[in-house]
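These notes concern the structure reproduced below.
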Amino acid sequence: MRIAIIHIGQETNDFNKLPTTLADFAAFGIYQGAEILDRMKGAGQVGGCVDAVADGGMAVEWVPIISAWAMAGGRIDTPSRLFFEERIGTGLRHAGRLDALVFHLHGACSAEGVDDVEGAQLAICRAVLGPDVPILVSLDHHANVTQAMVDLSTAILGHRTQPHDVYDTGRLAGDMLVRILRDRVKPVMAMAKLRLITHQEQYLTAAGPMKIWFDQARAMEADPSVLHVAPCPMQPWLDVAEGGWAVVVVTNGDKVKAEKLAAESADLAWSMRDDFMLKEAVSVDDAVRMADAADHGVVVLSDTGDTVFGGTAGDSNLILEAILRLGIKARVLMPLIEASTVATLVAAGEGATVTLAVGGSSTGFFKPLTIAGVVRKIADGHVKVPVFQQPEFDQGRTVIFETGPVTLLISERTGAAGNVPDVYRAFGIEPADYKMAVLKTASNFQFFKSITSQVIRVDTSGPGQSNVVGLPWRRVPRPIFPLDPISSWRG
Ligand SMILES: [Zn+2]
């Protein structure tokens with residue numbers, strides 16, 4: 001058996017106007033051919049898929065084509081879109097006879113002028129491979145599943161948890177491959193598309209309504225004819241024509257059952273829509289005061305509006321402003337992604353005392369804030385720290401800048417945006433020594449978990465804000481909950 005494997009991942013935030021470029025993919029590595037399997041051995045979706053197929057006892061010749069991943073961000077630019085389309089088409093055309101394709105995607109990628117990048121990529125795959133070669137697609141659970149994705153693929157697999165376990169999702173694809181090629185199952189799919197968007201605060205699958213919804217999916221899979229159920233609560237910052245939550249059910253040849261279960265799953269999610277909208281975030285000033293009053297750190301302040309893992313730019317200064325204005329004395333660690341600020345501080349040099357305006361350069365959501373402080377360190381930003389699927393990355397030139405009680409890690413590129421303690425350690429900073437740490441994520445607290453005393457969600461504005469009704473939506477289908485009065489998930 002010869003199986004092609006492709007992995008391309010980017011989650012788009014339409015409210016971050018900075019385009020994602022090929023350089024943003026290159027910062028995490030663009031790999032082609034055999035090196036993909038070496039790099040992803042035992043890790044990521046590719047590693048999980050390869051391991052599951054091996055465990056299934058199938059002798060397979062892998063045909064790895066391209067693997068690339070960029071941190072979530074603005075729409076990918078046209079050169080990036082065309083580069084991947086060309087690599088996919090050329091790679092598959094030169095691959096020789098193939099028995100299947102595994103395509104690991106995010107599922108919520110849009111480009112300049114193109115809402116459904118992954119649907120277009122799958123169209124190229126289908127055109128080259130013809131109608132009969134199985135195409136397995138694995139998606140992030142924040143994916144926006146489109147009709148094109150369903151029509152052009154053989155089976156869609158989704159993450160089973162948030163925080164994500166990408167290796168597990170890769171294994172699901174590998175297991176499905178074994179069932180199709182060895183056990184001769186015949187996947188058919190049904191999708192229920194929901195007129196539903198909710199903020200990110202109830203996205204974790206360990207508790208609350210998301211757990212109930214995902215538990216139902218697992219229970220449905222107890223039926224041996226149900227091959228997979230993928231609930232996909234689209235992330236709440238993708239403003240596209242087919243935007244909205246979805247659930248995909250894959251059965252062994254039973255289309256009616258797939259449709260029935262997809263509708264049941266959609267009904268359950270819809271019935272909990274108000275629970276999904278429950279907010280825990282507190283105002284910026286209250287959050288900072290609560291953290292300051294805590295017995296000990298590290299108190300994680302989740303900057304929900306500037307969640308870089310959700311594609312924002314990392315240029316928010318709202319929590320910094322509050323800490324300085326409120327006269328907080330406890331030590332605070334926070335990232336800032338801003339190339340212009342890095343340039344100014346690098347020019348000033350290590351040891352320099354500098355007064356400058358920081359924040360707000362990228363998204364237009366924040367007003368620059370004037371601060372004074374000392375440049376403690378200037379470094380290149382190549383970091384060997386595993387984050388999600390990537391073993392190392394380049395966050396661009398990086399400056400450690402101290403202002404009042406705050407240590408800022410200021411970088412040119414997003415990298416992991418200070419959401420991983422080892423990133424700070426790479427620059428000689430021990431996060432456990434701090435009372436508070438600002439994390440640019442609303443969900444991915446797992447990297448800090450071992451040193452965290454508590455997590456406070458901060459109700460900051462920005463491209464990732466919990467106030468989804470307040471975002472400038474233009475393209476999502478209307479009516480849609482919670483932007484409009486609407487009584488059915490079908491619209
Ligand atoms: Zn996700």
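Naming scheme: A, B, ... for chains in displayed order of the structure tokens; residues 1 onward per chain; ligands 1 onward as shown.
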Within 10 Å of ligand 1, counting only C-alpha atoms and all ligand atoms, residues as a PDB file with C-alpha atoms, in the first residue's frame:
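File part_39.pdb, as written:
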ATOM      1  CA  GLN A  10      -3.090  27.530  10.164  1.00  0.00           C
ATOM      2  CA  GLU A  11      -6.034  28.856  12.156  1.00  0.00           C
ATOM      3  CA  ALA A  72      -2.798  31.178  14.298  1.00  0.00           C
ATOM      4  CA  HIS A 106      -6.617  22.762  10.899  1.00  0.00           C
ATOM      5  CA  GLY A 107      -9.926  23.373   9.182  1.00  0.00           C
ATOM      6  CA  ALA A 108     -10.326  27.077   9.917  1.00  0.00           C
ATOM      7  CA  LEU A 139      -9.235  18.543  11.735  1.00  0.00           C
ATOM      8  CA  ASP A 140      -8.821  20.699  14.802  1.00  0.00           C
ATOM      9  CA  HIS A 141     -12.037  20.826  16.792  1.00  0.00           C
ATOM     10  CA  HIS A 142     -12.149  24.589  16.177  1.00  0.00           C
ATOM     11  CA  ALA A 143     -12.435  23.858  12.478  1.00  0.00           C
ATOM     12  CA  HIS A 159      -9.845  16.332  17.889  1.00  0.00           C
ATOM     13  CA  THR A 161     -10.187  17.074  23.485  1.00  0.00           C
ATOM     14  CA  GLN A 162      -9.456  20.728  24.136  1.00  0.00           C
ATOM     15  CA  PRO A 163      -6.611  21.289  24.978  1.00  0.00           C
ATOM     16  CA  HIS A 164      -5.833  19.385  21.819  1.00  0.00           C
ATOM     17  CA  ASP A 165      -4.079  16.073  21.560  1.00  0.00           C
ATOM     18  CA  VAL A 166      -2.896  16.220  17.972  1.00  0.00           C
ATOM     19  CA  TYR A 203     -14.367  25.337  25.049  1.00  0.00           C
ATOM     20  CA  CYS A 232     -16.498  20.986  15.677  1.00  0.00           C
ATOM     21  CA  PRO A 233     -17.240  24.144  17.688  1.00  0.00           C
ATOM     22  CA  MET A 234     -15.742  26.648  15.258  1.00  0.00           C
ATOM     23  CA  GLN A 235     -13.445  29.147  16.912  1.00  0.00           C
ATOM     24  CA  PHE A 309      -3.091  30.880  20.122  1.00  0.00           C
ATOM     25  CA  GLY A 310      -6.397  32.101  18.694  1.00  0.00           C
ATOM     26  CA  SER A 443      -7.590  27.781  26.801  1.00  0.00           C
ATOM     27  CA  ASN A 444      -4.045  26.504  26.654  1.00  0.00           C
TER      28      ASN A 444
END
For this session: Please give the complete set of residues from region 206-455 of chain A that DSSP, run on the backbone, assigns to strand (DSSP E or B), formatted as a VMD selection string.
Result: chain A and resid 226 to 232 246 to 252 282 299 to 303 332 to 337 353 to 358 369 to 379 382 to 383 387 390 393 to 394 398 to 403 406 to 411 436 to 439 454 to 455
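Candidate residues A:Ala70, A:Ala266, A:Leu324, A:Ile197 were compared for distance to Trp237 (chain A), and the nearest is A:Ile197, using only C-alpha atoms.
Restricting the calculation to only C-alpha atoms, the smallest distance between Ala246 (chain A) and any of A:Trp62, A:Asn317, A:Gly89, A:Arg490 is found for A:Arg490.
Between Ala294 (chain A) and the residues A:Ile410, A:Ile156, A:Val354, A:Ala330, the shortest atom-to-atom distance, using only C-alpha atoms, involves A:Ala330.
Nearest to Gly360 (chain A) of all the residues A:Gly428, A:Thr344, A:Asp275, A:Gly462 is A:Gly462, counting only C-alpha atoms.
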Problem set entry | Selection near region 13-30 of chain A, 8 Å with only C-alpha atoms, sequence-local residues under 4 positions removed, as a ChimeraX atom specification | /A:66-77,79-80,237-239,310-313,362-363,390,392-395,413,415,463-464,471-472
Exercise. What is the CA of Pro482 (chain A)-CA of His199 (chain A) distance in Å, reported with one decimal?
Worked result: 9.8 Å
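From CA of Gln202 (chain A) back to CA of Pro236 (chain A), the distance works out to 11.6 Å.
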Problem set entry | Close residues, Lys279 (chain A) itself excluded, 12 Å, only C-alpha atoms, min 2 positions apart in chain, as JSON, numbers by chain | {"A": [198, 199, 200, 201, 202, 203, 274, 275, 276, 277, 281, 282, 283, 304, 442, 456, 457, 458, 459, 465, 466, 467, 468]}
For this session: List every residue of region 431-470 of chain A that DSSP, applied to the backbone, labels as helix (DSSP H, G or I), and write the result as JSON, numbers by chain.
Result: {"A": [431, 432, 433, 449, 450, 451, 468, 469, 470]}
What would the file look like if the residues just selected were written as a PDB file, in the first residue's frame with N, CA and C atoms?
ATOM      1  N   PRO A 431       9.945  31.565  35.258  1.00  0.00           N
ATOM      2  CA  PRO A 431       8.569  32.039  35.508  1.00  0.00           C
ATOM      3  C   PRO A 431       8.073  31.758  36.921  1.00  0.00           C
ATOM      4  N   ALA A 432       8.557  30.694  37.543  1.00  0.00           N
ATOM      5  CA  ALA A 432       8.085  30.365  38.902  1.00  0.00           C
ATOM      6  C   ALA A 432       8.463  31.447  39.908  1.00  0.00           C
ATOM      7  N   ASP A 433       9.405  32.321  39.571  1.00  0.00           N
ATOM      8  CA  ASP A 433       9.805  33.401  40.474  1.00  0.00           C
ATOM      9  C   ASP A 433       8.825  34.570  40.464  1.00  0.00           C
ATOM     10  N   LYS A 449       0.821  24.717  33.810  1.00  0.00           N
ATOM     11  CA  LYS A 449       0.036  24.111  34.888  1.00  0.00           C
ATOM     12  C   LYS A 449       0.860  23.780  36.140  1.00  0.00           C
ATOM     13  N   SER A 450       2.056  23.226  35.969  1.00  0.00           N
ATOM     14  CA  SER A 450       2.813  22.739  37.130  1.00  0.00           C
ATOM     15  C   SER A 450       3.258  23.874  38.047  1.00  0.00           C
ATOM     16  N   ILE A 451       3.260  25.109  37.569  1.00  0.00           N
ATOM     17  CA  ILE A 451       3.689  26.221  38.434  1.00  0.00           C
ATOM     18  C   ILE A 451       2.562  27.227  38.681  1.00  0.00           C
ATOM     19  N   VAL A 468     -18.360  38.213  21.735  1.00  0.00           N
ATOM     20  CA  VAL A 468     -18.411  37.914  20.295  1.00  0.00           C
ATOM     21  C   VAL A 468     -19.413  38.803  19.569  1.00  0.00           C
ATOM     22  N   VAL A 469     -20.447  39.241  20.296  1.00  0.00           N
ATOM     23  CA  VAL A 469     -21.456  40.098  19.653  1.00  0.00           C
ATOM     24  C   VAL A 469     -20.823  41.428  19.244  1.00  0.00           C
ATOM     25  N   GLY A 470     -19.779  41.842  19.949  1.00  0.00           N
ATOM     26  CA  GLY A 470     -19.155  43.138  19.681  1.00  0.00           C
ATOM     27  C   GLY A 470     -18.101  43.109  18.578  1.00  0.00           C
TER      28      GLY A 470
END
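The coordinates place CA of Ala372 (chain A) at 6.0 Å from CA of Thr403 (chain A).
If only C-alpha atoms are the atoms counted, then among A:Met149, A:Phe448, A:Ser271, A:Gly44 the closest residue to Arg171 (chain A) is A:Gly44.
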For this session: Compile the contact shell of Gly396 (chain A) as a ChimeraX atom specification: residues with an atom at most 10 Å away, counting only C-alpha atoms, same-chain residues fewer than 6 positions apart removed.
Result: /A:27,337,339,342,379-383,410-415
